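Undergrad: Okay, so here is input36.txt, and as you'll see once you scroll down, it has compact mmCIF, N, CA and C atoms.
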```txt
# COMPACT_ATOMS: atom_id res chain seq x y z
N MET A 1 -146.37 -234.66 65.88
CA MET A 1 -147.29 -233.56 66.05
C MET A 1 -146.77 -232.29 65.38
N ASN A 2 -145.43 -232.04 65.49
CA ASN A 2 -144.84 -230.86 64.87
C ASN A 2 -144.96 -230.91 63.35
N LYS A 3 -144.83 -232.12 62.78
CA LYS A 3 -144.94 -232.25 61.33
C LYS A 3 -146.34 -231.84 60.86
N ILE A 4 -147.35 -232.25 61.62
CA ILE A 4 -148.73 -231.89 61.25
C ILE A 4 -148.93 -230.39 61.34
N LEU A 5 -148.39 -229.77 62.38
CA LEU A 5 -148.53 -228.32 62.53
C LEU A 5 -147.77 -227.57 61.44
N ASN A 6 -146.67 -228.12 60.96
CA ASN A 6 -145.93 -227.49 59.87
C ASN A 6 -146.63 -227.63 58.53
N ILE A 7 -147.30 -228.75 58.31
CA ILE A 7 -147.97 -229.01 57.04
C ILE A 7 -149.32 -228.30 56.97
N LEU A 8 -149.95 -228.10 58.09
CA LEU A 8 -151.29 -227.51 58.13
C LEU A 8 -151.37 -226.14 57.45
N PRO A 9 -150.45 -225.18 57.68
CA PRO A 9 -150.52 -223.90 56.96
C PRO A 9 -150.34 -224.05 55.45
N ILE A 10 -149.49 -224.98 55.03
CA ILE A 10 -149.30 -225.21 53.59
C ILE A 10 -150.58 -225.75 52.97
N CYS A 11 -151.23 -226.70 53.64
CA CYS A 11 -152.50 -227.25 53.14
C CYS A 11 -153.56 -226.15 53.07
N PHE A 12 -153.59 -225.30 54.08
CA PHE A 12 -154.57 -224.21 54.08
C PHE A 12 -154.34 -223.27 52.90
N LEU A 13 -153.09 -222.90 52.63
CA LEU A 13 -152.78 -222.01 51.51
C LEU A 13 -153.13 -222.67 50.17
N LEU A 14 -152.84 -223.97 50.02
CA LEU A 14 -153.20 -224.67 48.79
C LEU A 14 -154.71 -224.68 48.59
N PHE A 15 -155.44 -224.92 49.67
CA PHE A 15 -156.90 -224.93 49.59
C PHE A 15 -157.41 -223.53 49.23
N LEU A 16 -156.84 -222.52 49.84
CA LEU A 16 -157.28 -221.15 49.60
C LEU A 16 -157.08 -220.73 48.15
N PHE A 17 -155.93 -221.07 47.57
CA PHE A 17 -155.64 -220.66 46.20
C PHE A 17 -156.28 -221.57 45.15
N SER A 18 -156.69 -222.76 45.55
CA SER A 18 -157.33 -223.66 44.58
C SER A 18 -158.81 -223.33 44.39
N CYS A 19 -159.40 -222.62 45.31
CA CYS A 19 -160.81 -222.27 45.19
C CYS A 19 -160.99 -221.09 44.24
N ASN A 20 -161.86 -221.26 43.27
CA ASN A 20 -162.14 -220.18 42.34
C ASN A 20 -163.33 -219.37 42.84
N THR A 21 -163.26 -218.08 42.65
CA THR A 21 -164.41 -217.27 42.99
C THR A 21 -165.42 -217.35 41.86
N ILE A 22 -166.68 -217.23 42.22
CA ILE A 22 -167.74 -217.32 41.22
C ILE A 22 -167.87 -215.98 40.52
N LYS A 23 -167.79 -216.01 39.19
CA LYS A 23 -167.99 -214.80 38.39
C LYS A 23 -169.48 -214.62 38.12
N ALA A 24 -169.90 -213.38 38.07
CA ALA A 24 -171.31 -213.08 37.83
C ALA A 24 -171.71 -213.51 36.42
N PRO A 25 -172.91 -214.04 36.25
CA PRO A 25 -173.37 -214.39 34.91
C PRO A 25 -173.61 -213.16 34.07
N THR A 26 -173.54 -213.32 32.75
CA THR A 26 -173.72 -212.22 31.81
C THR A 26 -175.12 -212.30 31.22
N TYR A 27 -175.85 -211.20 31.30
CA TYR A 27 -177.21 -211.13 30.75
C TYR A 27 -177.13 -211.15 29.23
N ILE A 28 -177.94 -212.00 28.60
CA ILE A 28 -178.01 -212.09 27.14
C ILE A 28 -179.27 -211.43 26.62
N GLY A 29 -180.40 -211.76 27.20
CA GLY A 29 -181.67 -211.21 26.74
C GLY A 29 -182.84 -212.00 27.29
N PHE A 30 -184.04 -211.63 26.83
CA PHE A 30 -185.21 -212.40 27.25
C PHE A 30 -186.02 -212.78 26.02
N GLU A 31 -186.83 -213.82 26.19
CA GLU A 31 -187.64 -214.34 25.08
C GLU A 31 -188.84 -215.08 25.65
N ASN A 32 -189.69 -215.54 24.75
CA ASN A 32 -190.85 -216.36 25.10
C ASN A 32 -191.76 -215.69 26.13
N VAL A 33 -192.08 -214.44 25.90
CA VAL A 33 -193.01 -213.73 26.78
C VAL A 33 -194.42 -214.20 26.43
N LYS A 34 -195.10 -214.78 27.42
CA LYS A 34 -196.44 -215.31 27.18
C LYS A 34 -197.37 -214.93 28.32
N ILE A 35 -198.61 -214.64 27.97
CA ILE A 35 -199.65 -214.41 28.97
C ILE A 35 -200.30 -215.76 29.25
N GLU A 36 -200.17 -216.24 30.48
CA GLU A 36 -200.71 -217.55 30.85
C GLU A 36 -202.16 -217.44 31.34
N LYS A 37 -202.45 -216.38 32.04
CA LYS A 37 -203.78 -216.20 32.61
C LYS A 37 -204.12 -214.72 32.55
N LEU A 38 -205.34 -214.43 32.12
CA LEU A 38 -205.77 -213.05 32.01
C LEU A 38 -207.18 -212.94 32.58
N ASN A 39 -207.34 -212.11 33.61
CA ASN A 39 -208.67 -211.83 34.12
C ASN A 39 -208.75 -210.36 34.53
N PHE A 40 -209.84 -209.97 35.14
CA PHE A 40 -210.07 -208.56 35.42
C PHE A 40 -209.06 -207.96 36.40
N ASN A 41 -208.70 -208.69 37.44
CA ASN A 41 -207.83 -208.14 38.48
C ASN A 41 -206.34 -208.35 38.23
N SER A 42 -206.00 -209.49 37.67
CA SER A 42 -204.57 -209.80 37.51
C SER A 42 -204.33 -210.64 36.27
N SER A 43 -203.06 -210.69 35.91
CA SER A 43 -202.62 -211.49 34.77
C SER A 43 -201.35 -212.22 35.18
N ASN A 44 -201.17 -213.41 34.65
CA ASN A 44 -199.93 -214.16 34.86
C ASN A 44 -199.14 -214.18 33.57
N LEU A 45 -197.88 -213.84 33.70
CA LEU A 45 -196.99 -213.72 32.55
C LEU A 45 -195.81 -214.66 32.78
N THR A 46 -195.35 -215.30 31.73
CA THR A 46 -194.11 -216.08 31.82
C THR A 46 -193.09 -215.46 30.86
N ILE A 47 -191.84 -215.52 31.26
CA ILE A 47 -190.76 -214.95 30.47
C ILE A 47 -189.50 -215.77 30.74
N ASP A 48 -188.71 -216.00 29.71
CA ASP A 48 -187.43 -216.69 29.86
C ASP A 48 -186.31 -215.65 29.79
N VAL A 49 -185.50 -215.60 30.84
CA VAL A 49 -184.36 -214.68 30.88
C VAL A 49 -183.10 -215.50 30.65
N ASN A 50 -182.32 -215.12 29.63
CA ASN A 50 -181.14 -215.88 29.21
C ASN A 50 -179.85 -215.24 29.71
N TYR A 51 -178.95 -216.10 30.19
CA TYR A 51 -177.65 -215.69 30.71
C TYR A 51 -176.55 -216.59 30.17
N TYR A 52 -175.32 -216.13 30.35
CA TYR A 52 -174.13 -216.91 30.03
C TYR A 52 -173.33 -217.10 31.31
N ASN A 53 -172.87 -218.32 31.57
CA ASN A 53 -172.03 -218.62 32.73
C ASN A 53 -170.57 -218.54 32.30
N PRO A 54 -169.81 -217.52 32.75
CA PRO A 54 -168.41 -217.38 32.34
C PRO A 54 -167.44 -218.24 33.15
N ASN A 55 -167.96 -219.01 34.10
CA ASN A 55 -167.10 -219.80 34.99
C ASN A 55 -166.65 -221.11 34.34
N ASN A 56 -165.51 -221.60 34.79
CA ASN A 56 -164.96 -222.86 34.29
C ASN A 56 -165.55 -224.06 35.02
N PHE A 57 -166.64 -223.87 35.72
CA PHE A 57 -167.30 -224.94 36.46
C PHE A 57 -168.80 -224.72 36.41
N SER A 58 -169.53 -225.80 36.56
CA SER A 58 -170.99 -225.71 36.54
C SER A 58 -171.49 -225.13 37.86
N LEU A 59 -172.69 -224.58 37.82
CA LEU A 59 -173.31 -223.97 38.99
C LEU A 59 -174.78 -224.36 39.05
N ASP A 60 -175.44 -223.95 40.12
CA ASP A 60 -176.88 -224.13 40.27
C ASP A 60 -177.51 -222.79 40.59
N VAL A 61 -178.67 -222.51 40.01
CA VAL A 61 -179.46 -221.34 40.39
C VAL A 61 -180.45 -221.82 41.44
N HIS A 62 -180.51 -221.10 42.57
CA HIS A 62 -181.39 -221.51 43.65
C HIS A 62 -182.58 -220.59 43.84
N LYS A 63 -182.40 -219.31 43.52
CA LYS A 63 -183.48 -218.35 43.78
C LYS A 63 -183.31 -217.15 42.87
N SER A 64 -184.44 -216.56 42.50
CA SER A 64 -184.40 -215.28 41.77
C SER A 64 -185.34 -214.31 42.46
N ASP A 65 -185.00 -213.06 42.39
CA ASP A 65 -185.80 -211.99 43.00
C ASP A 65 -185.70 -210.78 42.07
N PHE A 66 -186.78 -210.49 41.32
CA PHE A 66 -186.76 -209.46 40.30
C PHE A 66 -187.86 -208.43 40.53
N ASN A 67 -187.56 -207.19 40.19
CA ASN A 67 -188.56 -206.13 40.01
C ASN A 67 -188.53 -205.75 38.54
N PHE A 68 -189.72 -205.62 37.94
CA PHE A 68 -189.83 -205.26 36.53
C PHE A 68 -190.47 -203.88 36.42
N TYR A 69 -189.88 -203.05 35.55
CA TYR A 69 -190.34 -201.68 35.36
C TYR A 69 -190.61 -201.43 33.89
N ILE A 70 -191.60 -200.60 33.61
CA ILE A 70 -191.79 -200.05 32.27
C ILE A 70 -191.75 -198.54 32.42
N ASN A 71 -190.81 -197.92 31.70
CA ASN A 71 -190.58 -196.47 31.79
C ASN A 71 -190.45 -196.02 33.24
N ASP A 72 -189.65 -196.76 34.01
CA ASP A 72 -189.35 -196.49 35.42
C ASP A 72 -190.55 -196.58 36.36
N ASN A 73 -191.65 -197.15 35.91
CA ASN A 73 -192.80 -197.41 36.77
C ASN A 73 -192.83 -198.89 37.11
N LEU A 74 -192.88 -199.20 38.41
CA LEU A 74 -192.87 -200.60 38.84
C LEU A 74 -194.08 -201.32 38.28
N LEU A 75 -193.83 -202.40 37.57
CA LEU A 75 -194.88 -203.18 36.95
C LEU A 75 -195.19 -204.43 37.76
N ALA A 76 -194.15 -205.12 38.24
CA ALA A 76 -194.37 -206.37 38.96
C ALA A 76 -193.12 -206.76 39.74
N HIS A 77 -193.33 -207.68 40.69
CA HIS A 77 -192.25 -208.27 41.47
C HIS A 77 -192.37 -209.78 41.35
N SER A 78 -191.25 -210.46 41.23
CA SER A 78 -191.24 -211.92 41.11
C SER A 78 -190.13 -212.51 41.96
N THR A 79 -190.51 -213.42 42.87
CA THR A 79 -189.54 -214.16 43.67
C THR A 79 -189.83 -215.64 43.48
N GLN A 80 -188.80 -216.40 43.11
CA GLN A 80 -188.98 -217.82 42.88
C GLN A 80 -187.79 -218.61 43.40
N GLU A 81 -188.07 -219.82 43.87
CA GLU A 81 -187.02 -220.75 44.26
C GLU A 81 -187.07 -221.95 43.34
N PHE A 82 -185.92 -222.40 42.88
CA PHE A 82 -185.84 -223.55 42.00
C PHE A 82 -184.42 -224.10 41.98
N GLU A 83 -184.24 -225.20 41.30
CA GLU A 83 -182.92 -225.80 41.09
C GLU A 83 -182.70 -225.90 39.59
N ILE A 84 -181.87 -225.03 39.05
CA ILE A 84 -181.53 -225.03 37.64
C ILE A 84 -180.04 -225.32 37.52
N LYS A 85 -179.70 -226.36 36.80
CA LYS A 85 -178.30 -226.72 36.57
C LYS A 85 -177.74 -225.85 35.44
N ILE A 86 -176.58 -225.23 35.69
CA ILE A 86 -175.94 -224.35 34.72
C ILE A 86 -174.65 -225.00 34.24
N PRO A 87 -174.50 -225.18 32.93
CA PRO A 87 -173.25 -225.78 32.43
C PRO A 87 -172.09 -224.79 32.53
N LYS A 88 -170.88 -225.32 32.66
CA LYS A 88 -169.70 -224.44 32.67
C LYS A 88 -169.55 -223.80 31.30
N LYS A 89 -169.15 -222.54 31.30
CA LYS A 89 -168.94 -221.77 30.05
C LYS A 89 -170.10 -221.97 29.07
N GLY A 90 -171.34 -221.90 29.60
CA GLY A 90 -172.49 -222.15 28.74
C GLY A 90 -173.66 -221.24 29.05
N ASN A 91 -174.62 -221.26 28.17
CA ASN A 91 -175.83 -220.46 28.33
C ASN A 91 -176.84 -221.19 29.21
N PHE A 92 -177.66 -220.42 29.90
CA PHE A 92 -178.74 -221.00 30.69
C PHE A 92 -179.91 -220.04 30.71
N THR A 93 -181.07 -220.58 31.03
CA THR A 93 -182.32 -219.82 31.03
C THR A 93 -182.98 -219.92 32.39
N ILE A 94 -183.46 -218.77 32.87
CA ILE A 94 -184.25 -218.74 34.09
C ILE A 94 -185.69 -218.47 33.68
N PRO A 95 -186.58 -219.46 33.83
CA PRO A 95 -187.99 -219.25 33.48
C PRO A 95 -188.71 -218.56 34.64
N LEU A 96 -189.26 -217.40 34.38
CA LEU A 96 -189.92 -216.63 35.43
C LEU A 96 -191.43 -216.63 35.24
N LYS A 97 -192.14 -216.67 36.35
CA LYS A 97 -193.59 -216.50 36.37
C LYS A 97 -193.85 -215.20 37.12
N ILE A 98 -194.57 -214.32 36.48
CA ILE A 98 -194.81 -212.98 37.03
C ILE A 98 -196.31 -212.75 37.13
N GLN A 99 -196.75 -212.34 38.32
CA GLN A 99 -198.15 -211.97 38.48
C GLN A 99 -198.26 -210.45 38.38
N LEU A 100 -199.08 -210.00 37.44
CA LEU A 100 -199.25 -208.57 37.19
C LEU A 100 -200.57 -208.09 37.76
N ASP A 101 -200.54 -206.93 38.37
CA ASP A 101 -201.75 -206.29 38.84
C ASP A 101 -202.28 -205.44 37.68
N ASN A 102 -203.46 -205.77 37.18
CA ASN A 102 -203.99 -205.08 36.01
C ASN A 102 -204.28 -203.61 36.26
N LYS A 103 -204.55 -203.23 37.51
CA LYS A 103 -204.76 -201.81 37.82
C LYS A 103 -203.48 -201.02 37.58
N THR A 104 -202.35 -201.61 37.97
CA THR A 104 -201.06 -200.95 37.75
C THR A 104 -200.76 -200.85 36.26
N ILE A 105 -201.09 -201.89 35.52
CA ILE A 105 -200.85 -201.88 34.08
C ILE A 105 -201.68 -200.78 33.42
N LEU A 106 -202.95 -200.70 33.78
CA LEU A 106 -203.83 -199.69 33.18
C LEU A 106 -203.37 -198.28 33.53
N LYS A 107 -202.93 -198.10 34.76
CA LYS A 107 -202.47 -196.78 35.21
C LYS A 107 -201.27 -196.29 34.39
N ASN A 108 -200.38 -197.21 34.04
CA ASN A 108 -199.15 -196.84 33.34
C ASN A 108 -199.23 -197.02 31.83
N SER A 109 -200.28 -197.66 31.33
CA SER A 109 -200.32 -198.00 29.90
C SER A 109 -200.58 -196.79 29.00
N LEU A 110 -201.38 -195.84 29.45
CA LEU A 110 -201.65 -194.69 28.59
C LEU A 110 -200.38 -193.94 28.24
N ASN A 111 -199.54 -193.72 29.22
CA ASN A 111 -198.27 -193.03 28.98
C ASN A 111 -197.39 -193.86 28.04
N ALA A 112 -197.37 -195.18 28.23
CA ALA A 112 -196.54 -196.03 27.38
C ALA A 112 -197.07 -196.08 25.95
N LEU A 113 -198.39 -196.09 25.78
CA LEU A 113 -198.97 -196.18 24.45
C LEU A 113 -198.72 -194.94 23.60
N LEU A 114 -198.50 -193.81 24.25
CA LEU A 114 -198.25 -192.57 23.52
C LEU A 114 -196.83 -192.50 22.97
N LYS A 115 -195.97 -193.41 23.36
CA LYS A 115 -194.59 -193.42 22.90
C LYS A 115 -194.39 -194.53 21.87
N LYS A 116 -193.39 -194.37 21.01
CA LYS A 116 -193.11 -195.39 20.00
C LYS A 116 -192.34 -196.56 20.57
N GLU A 117 -191.64 -196.34 21.67
CA GLU A 117 -190.94 -197.43 22.33
C GLU A 117 -190.92 -197.19 23.83
N VAL A 118 -190.79 -198.26 24.57
CA VAL A 118 -190.77 -198.18 26.03
C VAL A 118 -189.47 -198.79 26.55
N ASP A 119 -189.06 -198.34 27.72
CA ASP A 119 -187.91 -198.93 28.41
C ASP A 119 -188.43 -200.02 29.33
N ILE A 120 -187.88 -201.22 29.17
CA ILE A 120 -188.19 -202.32 30.07
C ILE A 120 -186.94 -202.57 30.90
N LYS A 121 -187.12 -202.54 32.22
CA LYS A 121 -185.97 -202.68 33.12
C LYS A 121 -186.27 -203.75 34.16
N ALA A 122 -185.25 -204.51 34.51
CA ALA A 122 -185.35 -205.49 35.59
C ALA A 122 -184.19 -205.28 36.55
N THR A 123 -184.51 -205.29 37.82
CA THR A 123 -183.48 -205.19 38.87
C THR A 123 -183.75 -206.31 39.87
N GLY A 124 -182.75 -206.66 40.63
CA GLY A 124 -182.93 -207.68 41.65
C GLY A 124 -181.68 -208.50 41.84
N SER A 125 -181.87 -209.81 42.07
CA SER A 125 -180.72 -210.68 42.29
C SER A 125 -181.06 -212.12 41.92
N ILE A 126 -180.00 -212.88 41.63
CA ILE A 126 -180.13 -214.32 41.47
C ILE A 126 -179.12 -214.96 42.41
N ASN A 127 -179.51 -216.08 43.00
CA ASN A 127 -178.66 -216.80 43.93
C ASN A 127 -178.06 -217.99 43.21
N LEU A 128 -176.72 -217.99 43.09
CA LEU A 128 -175.98 -219.05 42.41
C LEU A 128 -175.06 -219.74 43.40
N GLY A 129 -174.74 -220.98 43.11
CA GLY A 129 -173.79 -221.65 43.96
C GLY A 129 -173.43 -223.03 43.48
N LYS A 130 -172.59 -223.65 44.26
CA LYS A 130 -172.13 -225.01 44.00
C LYS A 130 -172.06 -225.69 45.35
N GLY A 131 -172.77 -226.78 45.50
CA GLY A 131 -172.77 -227.46 46.79
C GLY A 131 -173.41 -226.60 47.85
N SER A 132 -172.71 -226.40 48.94
CA SER A 132 -173.27 -225.59 50.03
C SER A 132 -172.83 -224.13 49.97
N LEU A 133 -172.03 -223.75 48.95
CA LEU A 133 -171.57 -222.37 48.81
C LEU A 133 -172.47 -221.64 47.81
N HIS A 134 -173.20 -220.65 48.28
CA HIS A 134 -174.10 -219.87 47.44
C HIS A 134 -173.85 -218.40 47.67
N THR A 135 -174.11 -217.61 46.64
CA THR A 135 -173.98 -216.16 46.77
C THR A 135 -175.00 -215.47 45.87
N ASN A 136 -175.42 -214.29 46.26
CA ASN A 136 -176.35 -213.49 45.46
C ASN A 136 -175.57 -212.60 44.51
N PHE A 137 -176.05 -212.54 43.26
CA PHE A 137 -175.47 -211.65 42.27
C PHE A 137 -176.54 -210.64 41.85
N PRO A 138 -176.16 -209.37 41.77
CA PRO A 138 -177.14 -208.36 41.37
C PRO A 138 -177.56 -208.53 39.92
N VAL A 139 -178.80 -208.17 39.65
CA VAL A 139 -179.36 -208.21 38.30
C VAL A 139 -179.76 -206.80 37.92
N TYR A 140 -179.36 -206.38 36.74
CA TYR A 140 -179.80 -205.09 36.22
C TYR A 140 -179.71 -205.16 34.70
N PHE A 141 -180.83 -205.03 34.06
CA PHE A 141 -180.80 -204.92 32.60
C PHE A 141 -181.91 -204.01 32.15
N VAL A 142 -181.62 -203.27 31.09
CA VAL A 142 -182.57 -202.35 30.48
C VAL A 142 -182.57 -202.61 28.99
N THR A 143 -183.74 -202.63 28.41
CA THR A 143 -183.87 -202.78 26.97
C THR A 143 -185.01 -201.91 26.48
N LYS A 144 -184.94 -201.51 25.25
CA LYS A 144 -186.02 -200.73 24.64
C LYS A 144 -186.87 -201.69 23.81
N GLN A 145 -188.18 -201.52 23.92
CA GLN A 145 -189.11 -202.35 23.16
C GLN A 145 -189.97 -201.44 22.29
N SER A 146 -189.98 -201.70 21.00
CA SER A 146 -190.80 -200.90 20.08
C SER A 146 -192.25 -201.31 20.21
N LEU A 147 -193.12 -200.31 20.11
CA LEU A 147 -194.56 -200.55 20.11
C LEU A 147 -195.09 -200.23 18.72
N SER A 148 -195.73 -201.19 18.12
CA SER A 148 -196.28 -200.95 16.79
C SER A 148 -197.81 -201.15 16.83
N ILE A 149 -198.47 -200.32 17.61
CA ILE A 149 -199.92 -200.44 17.76
C ILE A 149 -200.65 -199.72 16.64
N PHE A 150 -200.09 -198.60 16.22
CA PHE A 150 -200.77 -197.80 15.19
C PHE A 150 -200.17 -198.02 13.84
```
In structure tokens, write the structure found in this file.
TA:
Amino acid sequence: MNKILNILPICFLLFLFSCNTIKAPTYIGFENVKIEKLNFNSSNLTIDVNYYNPNNFSLDVHKSDFNFYINDNLLAHSTQEFEIKIPKKGNFTIPLKIQLDNKTILKNSLNALLKKEVDIKATGSINLGKGSLHTNFPVYFVTKQSLSIF
């Protein structure tokens, strides 16, 4: 019994130091912005958000929760649950479906159209994990988008 009690702290320390903490993914950019449905009240938009996994092990994405802004005006909110396998030290894509309220778009579009470029911002979180260990990582990215309407 004493041998087990002596070995138990050593096993606990080995387990503690062998576990790697999950590093936050690195935002790369977004692409494939498409309007899926367009009607008078609302529109459905799809967008692929690309990240890099800096970890030496694969992970899974379980949930995303994003707010999208144009020139600091809230445009839409998107919450989704899914299972996306992420390769170790590799790129991955989170495909988002966003429902837009056309009244909000119209309210903010005049101000945006008067500028040559707009700020597109996303805030929120993504839930990553391995097995039964999951954690939320904050999301924040801002990019400028040129408008070439005229």
Undergrad: Quick one: of A:Phe92, A:Tyr140, A:Phe82, A:Phe68, who's nearest to A:Asn53, counting only C-alpha atoms?
TA: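 Using only C-alpha atoms, A:Asn53 sits closest to A:Phe92.
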Undergrad: Just give me the residues with any atom within 7 Å of (-173.6, -212.8, 35.4), file coordinates, counting only N, CA and C atoms, written as a list of chain:residue names.
TA: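 Selection result: A:Lys23, A:Ala24, A:Pro25, A:Thr26, A:Tyr27, A:Tyr51, A:Tyr52, A:Asn53, A:Pro54.
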Undergrad: Within 7 Å of A:Pro87, counting all atoms listed in the file, which residues qualify if same-chain residues fewer than 4 places away don't, as JSON, numbers by chain?
TA: {"A": [53, 55, 57, 58, 59, 91, 92]}
Undergrad: Closest to A:Lys97 among A:Thr21, A:Asn56, A:Val33, A:Asn44, using only C-alpha atoms?
TA: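 Closest residue, counting only C-alpha atoms: A:Asn44.
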Undergrad: Return as a JSON list (two decimals) with N, CA and C atoms, keeping the file's coordinate frame the full set of residues in stretch 5-106 of chain A whose backbone-based DSSP assignment is helix (DSSP H, G or I).
TA:
```json
[["chain", "number", "residue", "atom", "x", "y", "z"],
["A", 5, "LEU", "N", -148.39, -229.77, 62.38],
["A", 5, "LEU", "CA", -148.53, -228.32, 62.53],
["A", 5, "LEU", "C", -147.77, -227.57, 61.44],
["A", 6, "ASN", "N", -146.67, -228.12, 60.96],
["A", 6, "ASN", "CA", -145.93, -227.49, 59.87],
["A", 6, "ASN", "C", -146.63, -227.63, 58.53],
["A", 7, "ILE", "N", -147.30, -228.75, 58.31],
["A", 7, "ILE", "CA", -147.97, -229.01, 57.04],
["A", 7, "ILE", "C", -149.32, -228.30, 56.97],
["A", 8, "LEU", "N", -149.95, -228.10, 58.09],
["A", 8, "LEU", "CA", -151.29, -227.51, 58.13],
["A", 8, "LEU", "C", -151.37, -226.14, 57.45],
["A", 9, "PRO", "N", -150.45, -225.18, 57.68],
["A", 9, "PRO", "CA", -150.52, -223.90, 56.96],
["A", 9, "PRO", "C", -150.34, -224.05, 55.45],
["A", 10, "ILE", "N", -149.49, -224.98, 55.03],
["A", 10, "ILE", "CA", -149.30, -225.21, 53.59],
["A", 10, "ILE", "C", -150.58, -225.75, 52.97],
["A", 11, "CYS", "N", -151.23, -226.70, 53.64],
["A", 11, "CYS", "CA", -152.50, -227.25, 53.14],
["A", 11, "CYS", "C", -153.56, -226.15, 53.07],
["A", 12, "PHE", "N", -153.59, -225.30, 54.08],
["A", 12, "PHE", "CA", -154.57, -224.21, 54.08],
["A", 12, "PHE", "C", -154.34, -223.27, 52.90],
["A", 13, "LEU", "N", -153.09, -222.90, 52.63],
["A", 13, "LEU", "CA", -152.78, -222.01, 51.51],
["A", 13, "LEU", "C", -153.13, -222.67, 50.17],
["A", 14, "LEU", "N", -152.84, -223.97, 50.02],
["A", 14, "LEU", "CA", -153.20, -224.67, 48.79],
["A", 14, "LEU", "C", -154.71, -224.68, 48.59],
["A", 15, "PHE", "N", -155.44, -224.92, 49.67],
["A", 15, "PHE", "CA", -156.90, -224.93, 49.59],
["A", 15, "PHE", "C", -157.41, -223.53, 49.23],
["A", 16, "LEU", "N", -156.84, -222.52, 49.84],
["A", 16, "LEU", "CA", -157.28, -221.15, 49.60],
["A", 16, "LEU", "C", -157.08, -220.73, 48.15],
["A", 17, "PHE", "N", -155.93, -221.07, 47.57],
["A", 17, "PHE", "CA", -155.64, -220.66, 46.20],
["A", 17, "PHE", "C", -156.28, -221.57, 45.15],
["A", 18, "SER", "N", -156.69, -222.76, 45.55],
["A", 18, "SER", "CA", -157.33, -223.66, 44.58],
["A", 18, "SER", "C", -158.81, -223.33, 44.39],
["A", 102, "ASN", "N", -203.46, -205.77, 37.18],
["A", 102, "ASN", "CA", -203.99, -205.08, 36.01],
["A", 102, "ASN", "C", -204.28, -203.61, 36.26],
["A", 103, "LYS", "N", -204.55, -203.23, 37.51],
["A", 103, "LYS", "CA", -204.76, -201.81, 37.82],
["A", 103, "LYS", "C", -203.48, -201.02, 37.58],
["A", 104, "THR", "N", -202.35, -201.61, 37.97],
["A", 104, "THR", "CA", -201.06, -200.95, 37.75],
["A", 104, "THR", "C", -200.76, -200.85, 36.26],
["A", 105, "ILE", "N", -201.09, -201.89, 35.52],
["A", 105, "ILE", "CA", -200.85, -201.88, 34.08],
["A", 105, "ILE", "C", -201.68, -200.78, 33.42],
["A", 106, "LEU", "N", -202.95, -200.70, 33.78],
["A", 106, "LEU", "CA", -203.83, -199.69, 33.18],
["A", 106, "LEU", "C", -203.37, -198.28, 33.53]]
```
Undergrad: Give me, as a list of chain:residue names, all polymer residues having an atom no more than 6.5 Å from A:Ser125, counting only N, CA and C atoms and skipping those fewer than 6 positions away in the same chain.
TA: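 My reading of the contact set: A:Lys63, A:Ser64, A:Asp65, A:Phe66, A:Asn136, A:Phe137, A:Pro138, A:Val139.
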Undergrad: From stretch 40-123 of chain A, collect each residue whose DSSP state is strand (DSSP E or B) and return the set as an MDAnalysis selection string.
TA: chainID A and resid 42:52 59:70 73:86 91:101 117:123
Undergrad: Please indicate the distance in Å from atom CA of A:Thr143 to atom CA of A:Gly124, rounded to one decimal place.
TA: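 We find that atom CA of A:Thr143 and atom CA of A:Gly124 lie 15.5 Å from each other.
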Undergrad: To one decimal in Å, tell me the separation between atom CA of A:Val142 and atom CA of A:Phe40.
TA: 28.6 Å
Undergrad: Point out the residue among A:Asp60, A:Ser42, A:Asp101, A:Glu36 with the least atom-to-atom distance to A:Glu83, counting all atoms listed in the file.
TA: A:Asp60
Undergrad: Could you check how far atom CA of A:Ile35 sits from atom N of A:Leu100, in Å to one decimal?
TA: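 Atom N of A:Leu100 lies at a distance of 9.6 Å from atom CA of A:Ile35.
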Undergrad: Using only N, CA and C atoms, which residue out of A:Gln99, A:Val49, A:Val61, A:Gly90 lies closest to A:His77?
TA: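 Under the stated criterion, the closest residue is A:Gln99.
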Undergrad: The centre and edge lengths of an axis-aligned box containing all atoms of stretch 84-98 of chain A present in the file, extended by 8 Å on each side, are to be given in Å to one decimal, as AutoDock Vina command-line options.
TA:
```
--center_x -182.6 --center_y -219.7 --center_z 33.6 --size_x 43.4 --size_y 30.0 --size_z 26.9
```
